file final11.pdb (PDB, C-alpha atoms and all ligand atoms)
ATOM      1  CA  MET A  17       6.776 -12.214  17.005
ATOM      2  CA  LYS A  18       5.297 -13.099  13.621
ATOM      3  CA  LYS A  19       1.592 -13.992  13.520
ATOM      4  CA  GLU A  20       0.572 -16.943  11.382
ATOM      5  CA  ILE A  21      -1.770 -15.486   8.806
ATOM      6  CA  ALA A  22      -2.853 -16.354   5.280
ATOM      7  CA  PHE A  23      -4.337 -14.341   2.422
ATOM      8  CA  ILE A  24      -7.336 -15.056   0.212
ATOM      9  CA  PHE A  25      -7.532 -12.989  -2.965
ATOM     10  CA  ASP A  26     -10.547 -12.303  -5.119
ATOM     11  CA  LEU A  27      -9.725 -12.529  -8.847
ATOM     12  CA  ASP A  28     -11.584 -10.017 -11.017
ATOM     13  CA  GLY A  29     -10.741  -6.480  -9.866
ATOM     14  CA  VAL A  30      -7.908  -7.622  -7.584
ATOM     15  CA  ILE A  31      -5.507  -9.849  -9.543
ATOM     16  CA  VAL A  32      -6.703  -8.982 -13.077
ATOM     17  CA  ASP A  33      -9.309  -6.696 -14.637
ATOM     18  CA  THR A  34     -11.611  -9.136 -16.410
ATOM     19  CA  ALA A  35     -14.607  -6.818 -15.784
ATOM     20  CA  LYS A  36     -13.873  -5.116 -19.112
ATOM     21  CA  TYR A  37     -14.295  -8.444 -20.943
ATOM     22  CA  HIS A  38     -17.442  -9.338 -18.984
ATOM     23  CA  PHE A  39     -18.748  -5.891 -20.038
ATOM     24  CA  LEU A  40     -18.129  -6.467 -23.755
ATOM     25  CA  ALA A  41     -19.797  -9.884 -23.648
ATOM     26  CA  TRP A  42     -22.813  -8.729 -21.597
ATOM     27  CA  LYS A  43     -23.192  -5.651 -23.824
ATOM     28  CA  ASN A  44     -23.495  -7.965 -26.805
ATOM     29  CA  VAL A  45     -26.295  -9.847 -25.038
ATOM     30  CA  ALA A  46     -28.100  -6.537 -24.344
ATOM     31  CA  ASP A  47     -27.588  -5.413 -27.968
ATOM     32  CA  THR A  48     -29.145  -8.674 -29.184
ATOM     33  CA  LEU A  49     -32.119  -8.111 -26.890
ATOM     34  CA  GLY A  50     -32.405  -4.466 -27.995
ATOM     35  CA  PHE A  51     -31.557  -2.344 -24.940
ATOM     36  CA  GLU A  52     -28.658  -0.238 -23.730
ATOM     37  CA  PHE A  53     -26.129  -1.637 -21.268
ATOM     38  CA  THR A  54     -23.596   0.887 -19.956
ATOM     39  CA  GLU A  55     -20.314   0.643 -18.012
ATOM     40  CA  LYS A  56     -22.258   1.988 -15.027
ATOM     41  CA  HIS A  57     -24.675  -0.948 -15.294
ATOM     42  CA  ASN A  58     -21.651  -3.258 -15.473
ATOM     43  CA  GLU A  59     -20.626  -2.136 -11.957
ATOM     44  CA  LEU A  60     -23.704  -3.977 -10.662
ATOM     45  CA  LEU A  61     -22.327  -7.284 -11.984
ATOM     46  CA  LYS A  62     -18.941  -7.171 -10.239
ATOM     47  CA  GLY A  63     -18.448 -10.114  -7.896
ATOM     48  CA  VAL A  64     -21.872 -11.475  -8.875
ATOM     49  CA  SER A  65     -22.287 -14.992 -10.326
ATOM     50  CA  ARG A  66     -22.919 -15.534 -14.042
ATOM     51  CA  VAL A  67     -26.552 -16.601 -13.564
ATOM     52  CA  LYS A  68     -27.303 -13.703 -11.204
ATOM     53  CA  SER A  69     -25.572 -11.312 -13.626
ATOM     54  CA  LEU A  70     -28.015 -12.337 -16.378
ATOM     55  CA  GLU A  71     -30.960 -11.754 -14.022
ATOM     56  CA  ILE A  72     -29.678  -8.236 -13.248
ATOM     57  CA  LEU A  73     -29.110  -7.546 -16.955
ATOM     58  CA  LEU A  74     -32.641  -8.683 -17.858
ATOM     59  CA  ASP A  75     -34.020  -6.481 -15.059
ATOM     60  CA  ILE A  76     -32.175  -3.488 -16.528
ATOM     61  CA  GLY A  77     -33.712  -4.156 -19.962
ATOM     62  CA  LYS A  78     -37.089  -5.095 -18.405
ATOM     63  CA  VAL A  79     -36.996  -8.290 -20.449
ATOM     64  CA  THR A  80     -38.599 -11.616 -19.490
ATOM     65  CA  LEU A  81     -37.273 -14.781 -21.132
ATOM     66  CA  SER A  82     -37.902 -18.508 -20.996
ATOM     67  CA  GLU A  83     -35.482 -20.706 -19.038
ATOM     68  CA  GLU A  84     -34.312 -22.211 -22.311
ATOM     69  CA  LYS A  85     -33.486 -18.811 -23.849
ATOM     70  CA  LYS A  86     -31.648 -17.778 -20.647
ATOM     71  CA  GLN A  87     -29.511 -20.917 -20.796
ATOM     72  CA  GLN A  88     -28.706 -20.197 -24.439
ATOM     73  CA  LEU A  89     -27.663 -16.591 -23.629
ATOM     74  CA  LEU A  90     -25.482 -17.769 -20.718
ATOM     75  CA  ILE A  91     -23.659 -20.155 -23.043
ATOM     76  CA  GLU A  92     -23.226 -17.515 -25.763
ATOM     77  CA  LYS A  93     -22.028 -14.884 -23.285
ATOM     78  CA  ASN A  94     -19.456 -17.217 -21.793
ATOM     79  CA  LYS A  95     -18.254 -18.257 -25.246
ATOM     80  CA  GLU A  96     -17.556 -14.646 -26.180
ATOM     81  CA  TYR A  97     -15.972 -13.942 -22.779
ATOM     82  CA  LEU A  98     -13.667 -16.958 -23.146
ATOM     83  CA  GLY A  99     -12.526 -15.572 -26.510
ATOM     84  CA  TYR A 100     -11.043 -12.612 -24.595
ATOM     85  CA  VAL A 101      -9.703 -14.787 -21.771
ATOM     86  CA  TYR A 102      -7.794 -17.037 -24.183
ATOM     87  CA  LYS A 103      -5.858 -13.969 -25.344
ATOM     88  CA  MET A 104      -4.804 -12.944 -21.814
ATOM     89  CA  THR A 105      -1.118 -12.910 -20.844
ATOM     90  CA  SER A 106       0.899 -12.059 -17.739
ATOM     91  CA  GLU A 107       0.818  -8.415 -18.878
ATOM     92  CA  GLU A 108      -2.731  -8.258 -17.567
ATOM     93  CA  ILE A 109      -1.753  -8.911 -13.962
ATOM     94  CA  LEU A 110      -2.752  -5.694 -12.195
ATOM     95  CA  PRO A 111       0.040  -3.370 -10.983
ATOM     96  CA  GLY A 112       1.207  -4.154  -7.453
ATOM     97  CA  VAL A 113       0.012  -7.788  -7.462
ATOM     98  CA  THR A 114       3.344  -9.453  -8.262
ATOM     99  CA  GLN A 115       5.119  -7.444  -5.537
ATOM    100  CA  ILE A 116       2.507  -8.494  -2.965
ATOM    101  CA  LEU A 117       2.696 -12.182  -3.931
ATOM    102  CA  ASN A 118       6.511 -12.014  -3.822
ATOM    103  CA  PHE A 119       6.361 -10.437  -0.357
ATOM    104  CA  LEU A 120       4.027 -13.196   0.874
ATOM    105  CA  ASP A 121       6.259 -15.940  -0.564
ATOM    106  CA  THR A 122       9.381 -14.389   0.987
ATOM    107  CA  ASN A 123       7.655 -14.336   4.356
ATOM    108  CA  ASN A 124       6.230 -17.876   4.036
ATOM    109  CA  ILE A 125       2.650 -16.624   4.061
ATOM    110  CA  LYS A 126       0.256 -18.907   2.194
ATOM    111  CA  PHE A 127      -2.362 -17.512  -0.141
ATOM    112  CA  ALA A 128      -5.472 -18.823  -1.872
ATOM    113  CA  LEU A 129      -7.925 -17.601  -4.476
ATOM    114  CA  GLY A 130     -11.576 -16.972  -3.552
ATOM    115  CA  SER A 131     -13.485 -16.045  -6.705
ATOM    116  CA  ALA A 132     -17.082 -16.256  -7.955
ATOM    117  CA  SER A 133     -15.805 -17.056 -11.444
ATOM    118  CA  LYS A 134     -16.133 -20.540 -12.885
ATOM    119  CA  ASN A 135     -13.376 -19.547 -15.318
ATOM    120  CA  ALA A 136     -10.897 -18.634 -12.567
ATOM    121  CA  PRO A 137      -8.460 -21.572 -13.068
ATOM    122  CA  LEU A 138      -8.223 -20.852 -16.810
ATOM    123  CA  ILE A 139      -7.620 -17.123 -16.198
ATOM    124  CA  LEU A 140      -4.863 -17.850 -13.660
ATOM    125  CA  GLU A 141      -3.294 -20.264 -16.107
ATOM    126  CA  LYS A 142      -3.361 -17.706 -18.920
ATOM    127  CA  VAL A 143      -1.647 -15.033 -16.788
ATOM    128  CA  GLY A 144       0.867 -17.556 -15.427
ATOM    129  CA  LEU A 145      -0.182 -17.452 -11.764
ATOM    130  CA  ILE A 146      -1.923 -20.818 -11.379
ATOM    131  CA  ASN A 147       1.019 -22.507  -9.644
ATOM    132  CA  ARG A 148       1.564 -19.740  -7.129
ATOM    133  CA  PHE A 149      -1.614 -20.274  -5.099
ATOM    134  CA  THR A 150      -1.682 -22.898  -2.349
ATOM    135  CA  ALA A 151      -5.414 -23.386  -2.937
ATOM    136  CA  LEU A 152      -8.101 -22.297  -5.386
ATOM    137  CA  VAL A 153     -11.781 -21.772  -4.622
ATOM    138  CA  ASP A 154     -13.926 -20.676  -7.555
ATOM    139  CA  GLY A 155     -17.521 -20.545  -8.762
ATOM    140  CA  ASN A 156     -17.541 -24.312  -9.285
ATOM    141  CA  ASP A 157     -16.897 -24.988  -5.581
ATOM    142  CA  VAL A 158     -19.578 -22.880  -3.944
ATOM    143  CA  SER A 159     -23.324 -23.242  -3.592
ATOM    144  CA  LYS A 160     -23.891 -19.852  -1.929
ATOM    145  CA  ALA A 161     -22.704 -16.653  -3.587
ATOM    146  CA  LYS A 162     -20.959 -13.737  -1.848
ATOM    147  CA  PRO A 163     -22.009 -12.022   0.522
ATOM    148  CA  ASP A 164     -22.345 -15.534   1.967
ATOM    149  CA  PRO A 165     -18.960 -16.383   3.550
ATOM    150  CA  GLU A 166     -18.856 -19.907   2.015
ATOM    151  CA  VAL A 167     -16.188 -19.162  -0.626
ATOM    152  CA  PHE A 168     -13.743 -17.771   1.955
ATOM    153  CA  LEU A 169     -14.513 -20.405   4.604
ATOM    154  CA  ILE A 170     -13.695 -23.137   2.067
ATOM    155  CA  GLY A 171     -10.516 -21.171   1.259
ATOM    156  CA  ALA A 172      -9.484 -21.108   4.937
ATOM    157  CA  LYS A 173     -10.138 -24.835   5.207
ATOM    158  CA  LYS A 174      -8.045 -25.590   2.122
ATOM    159  CA  LEU A 175      -5.245 -23.447   3.585
ATOM    160  CA  ASN A 176      -5.604 -25.259   6.908
ATOM    161  CA  MET A 177      -6.090 -21.938   8.688
ATOM    162  CA  ASN A 178      -8.613 -20.575  11.182
ATOM    163  CA  PRO A 179     -10.856 -17.967   9.523
ATOM    164  CA  GLU A 180      -9.777 -15.340  12.112
ATOM    165  CA  ASN A 181      -6.219 -15.669  10.814
ATOM    166  CA  CYS A 182      -7.167 -15.028   7.184
ATOM    167  CA  VAL A 183      -6.993 -11.721   5.327
ATOM    168  CA  VAL A 184      -9.307 -11.238   2.336
ATOM    169  CA  VAL A 185      -8.565  -8.832  -0.526
ATOM    170  CA  GLU A 186     -11.746  -7.912  -2.444
ATOM    171  CA  ASP A 187     -13.009  -5.250  -4.855
ATOM    172  CA  ALA A 188     -16.763  -5.909  -4.515
ATOM    173  CA  ILE A 189     -18.886  -4.876  -1.550
ATOM    174  CA  ALA A 190     -20.544  -8.335  -1.516
ATOM    175  CA  GLY A 191     -17.044  -9.841  -1.173
ATOM    176  CA  VAL A 192     -16.121  -7.506   1.683
ATOM    177  CA  GLN A 193     -19.356  -8.477   3.427
ATOM    178  CA  ALA A 194     -18.571 -12.163   2.842
ATOM    179  CA  ALA A 195     -15.114 -11.705   4.416
ATOM    180  CA  ASN A 196     -16.601  -9.881   7.404
ATOM    181  CA  ALA A 197     -19.229 -12.603   7.823
ATOM    182  CA  ALA A 198     -16.402 -15.177   7.803
ATOM    183  CA  LYS A 199     -14.751 -13.149  10.630
ATOM    184  CA  MET A 200     -11.705 -12.495   8.460
ATOM    185  CA  LEU A 201      -9.804  -9.234   8.118
ATOM    186  CA  SER A 202     -11.137  -7.481   5.017
ATOM    187  CA  ILE A 203      -9.161  -5.295   2.646
ATOM    188  CA  GLY A 204     -11.225  -3.456   0.036
ATOM    189  CA  ILE A 205      -9.706  -2.407  -3.279
ATOM    190  CA  GLY A 206     -11.451   0.557  -4.873
ATOM    191  CA  ASP A 207     -13.641   3.428  -3.730
ATOM    192  CA  ALA A 208     -13.694   3.944   0.067
ATOM    193  CA  LYS A 209     -17.245   5.309  -0.195
ATOM    194  CA  VAL A 210     -18.429   2.012  -1.688
ATOM    195  CA  LEU A 211     -16.241  -0.322   0.391
ATOM    196  CA  GLY A 212     -16.620   1.459   3.746
ATOM    197  CA  GLU A 213     -17.465  -1.802   5.528
ATOM    198  CA  ALA A 214     -13.935  -3.139   4.930
ATOM    199  CA  ASP A 215     -11.332  -3.035   7.731
ATOM    200  CA  TYR A 216      -8.952  -1.277   5.323
ATOM    201  CA  VAL A 217      -9.542   0.261   1.902
ATOM    202  CA  PHE A 218      -6.889   0.954  -0.739
ATOM    203  CA  LYS A 219      -7.442   2.645  -4.087
ATOM    204  CA  ASP A 220      -5.560  -0.146  -5.875
ATOM    205  CA  MET A 221      -3.100  -2.992  -5.229
ATOM    206  CA  VAL A 222      -0.092  -0.655  -5.583
ATOM    207  CA  GLU A 223      -1.260   1.195  -2.463
ATOM    208  CA  ILE A 224      -0.786  -1.946  -0.346
ATOM    209  CA  THR A 225       2.805  -1.333   0.680
ATOM    210  CA  SER A 226       5.262  -3.812   2.164
ATOM    211  CA  GLY A 227       5.220  -1.580   5.287
ATOM    212  CA  PHE A 228       1.490  -2.217   5.659
ATOM    213  CA  LEU A 229       1.977  -5.961   5.111
ATOM    214  CA  LYS A 230       4.824  -6.059   7.659
ATOM    215  CA  ASN A 231       2.549  -4.427  10.243
ATOM    216  CA  LEU A 232      -0.099  -7.061   9.593
ATOM    217  CA  ILE A 233       2.234  -9.968  10.264
ATOM    218  CA  ASN A 234       4.133  -8.517  13.228
TER     219      ASN A 234
HETATM  220  P1  LIG A 301     -17.804 -16.382 -14.679
HETATM  221  P2  LIG A 301     -14.604 -12.393  -8.934
HETATM  222  C1  LIG A 301     -16.601 -12.522 -10.715
HETATM  223  O1  LIG A 301     -15.234 -12.652 -10.401
HETATM  224  C2  LIG A 301     -16.813 -11.280 -11.574
HETATM  225  O2  LIG A 301     -16.503 -10.105 -10.829
HETATM  226  C3  LIG A 301     -18.254 -11.205 -11.994
HETATM  227  O3  LIG A 301     -18.478 -10.065 -12.798
HETATM  228  C4  LIG A 301     -18.618 -12.486 -12.764
HETATM  229  O4  LIG A 301     -19.976 -12.475 -13.134
HETATM  230  C5  LIG A 301     -18.326 -13.695 -11.859
HETATM  231  O5  LIG A 301     -16.958 -13.673 -11.475
HETATM  232  C6  LIG A 301     -18.620 -15.005 -12.558
HETATM  233  O6  LIG A 301     -17.724 -15.177 -13.614
HETATM  234  O7  LIG A 301     -18.861 -16.022 -15.668
HETATM  235  O8  LIG A 301     -16.412 -16.405 -15.260
HETATM  236  O9  LIG A 301     -18.122 -17.643 -13.919
HETATM  237  O10 LIG A 301     -14.594 -10.894  -8.753
HETATM  238  O11 LIG A 301     -15.432 -13.119  -7.897
HETATM  239  O12 LIG A 301     -13.218 -12.965  -9.072
HETATM  240 MG    MG A 302     -13.935  -9.078  -7.835
END

call {"tool": "encode", "arguments": {"input": "final11.pdb", "output": "structure tokens", "more": "lines below"}}
Ligand code: B16
Ligand code: MG
result
Amino acid sequence: MKKEIAFIFDLDGVIVDTAKYHFLAWKNVADTLGFEFTEKHNELLKGVSRVKSLEILLDIGKVTLSEEKKQQLLIEKNKEYLGYVYKMTSEEILPGVTQILNFLDTNNIKFALGSASKNAPLILEKVGLINRFTALVDGNDVSKAKPDPEVFLIGAKKLNMNPENCVVVEDAIAGVQAANAAKMLSIGIGDAKVLGEADYVFKDMVEITSGFLKNLIN
């Protein structure tokens, strides 16, 4: 017998790779402030809110700024980031994603978005996926950042599902922890050494086969 389950997908690192654009925009901020910001540093910002990302960046550069200057940098960073987002097309949907969404649709399994990004609706619109999600939860809807389960619990509510019947797909350890705290099944996308707390870990979305998905629902 089929189990009634639903999926909640993270955005950056799962559906699209916007981390590379965040990197370029944050690097510009670091350049302006006069310190080096590497791709390795950028890993620390994945899944983290915009405001928290700036705090981490300033810590890396050992820079202290006034509230006013921080607000100005946040606006400038987002402006540059949006410049990249506006150029996004469906070609940037990560390999494997479309097949998974098609499988879920074919099997009448609902899915929602659970992202820390305040730009999530725009990104989904640019890549042509906005109308495929039953519900969207983004950085504008939450007051507590991952690893707090709030984002996924709101997602379950919007899907009209019990949290225990939801499956979360996440690339950030804070997101995996949030899913676990919400008592949802967690699927990590990326390095198994980093995402070891997830119930399942796959290198990328292509590795999630229809056989695996069939096992989950049966
Ligand atoms: P924004 P996710 C996260 O997206 C990114 O991984 C993270 O690097 C970014 O700081 C955060 O969104 C906020 O993004 O500046 O667009 O509001 O992985 O939760 O989908
Ligand atoms: Mg992510």

call {"tool": "atom_distance", "arguments": {"input": "final11.pdb", "atom1": "CA of Ile109 (chain A)", "atom2": "CA of Val143 (chain A)"}}
result
6.7 Å

call {"tool": "axis_aligned_box", "arguments": {"input": "final11.pdb", "around": "region 56-74 of chain A", "padding_each_side": "8 Å", "output": "JSON"}}
result
{"center_x": -25.5, "center_y": -7.3, "center_z": -12.9, "size_x": 30.2, "size_y": 34.6, "size_z": 26.0}

call {"tool": "residues_near_ligand", "arguments": {"input": "final11.pdb", "ligand": "ligand LIG 301 (chain A)", "cutoff": "8 Å", "atoms": "all atoms listed in the file", "output": "NGL selection string"}}
result
:A and (26-30 or 34-35 or 38 or 58 or 61-69 or 94 or 97 or 130-136 or 154-155 or 186-188 or 191)

call {"tool": "closest_residue", "arguments": {"input": "final11.pdb", "among": "A:Ala41, A:Ile170, A:Leu175, A:Val32", "to": "ligand MG 302 (chain A)", "atoms": "all atoms listed in the file"}}
result
A:Val32

call {"tool": "residues_around", "arguments": {"input": "final11.pdb", "residues": "Ile116 (chain A)", "least_positions_apart": "4", "cutoff": "12 Å", "atoms": "only C-alpha atoms", "output": "compact mmCIF listing (two decimals) with C-alpha atoms, in the frame of the given file"}}
result
# COMPACT_ATOMS: atom_id res chain seq x y z
CA PHE A 23 -4.34 -14.34 2.42
CA PHE A 25 -7.53 -12.99 -2.96
CA VAL A 30 -7.91 -7.62 -7.58
CA ILE A 31 -5.51 -9.85 -9.54
CA ILE A 109 -1.75 -8.91 -13.96
CA LEU A 110 -2.75 -5.69 -12.20
CA PRO A 111 0.04 -3.37 -10.98
CA GLY A 112 1.21 -4.15 -7.45
CA LEU A 120 4.03 -13.20 0.87
CA ASP A 121 6.26 -15.94 -0.56
CA THR A 122 9.38 -14.39 0.99
CA ASN A 123 7.66 -14.34 4.36
CA ILE A 125 2.65 -16.62 4.06
CA LYS A 126 0.26 -18.91 2.19
CA PHE A 127 -2.36 -17.51 -0.14
CA VAL A 185 -8.56 -8.83 -0.53
CA ASP A 220 -5.56 -0.15 -5.88
CA MET A 221 -3.10 -2.99 -5.23
CA VAL A 222 -0.09 -0.66 -5.58
CA GLU A 223 -1.26 1.20 -2.46
CA ILE A 224 -0.79 -1.95 -0.35
CA THR A 225 2.80 -1.33 0.68
CA SER A 226 5.26 -3.81 2.16
CA GLY A 227 5.22 -1.58 5.29
CA PHE A 228 1.49 -2.22 5.66
CA LEU A 229 1.98 -5.96 5.11
CA LYS A 230 4.82 -6.06 7.66
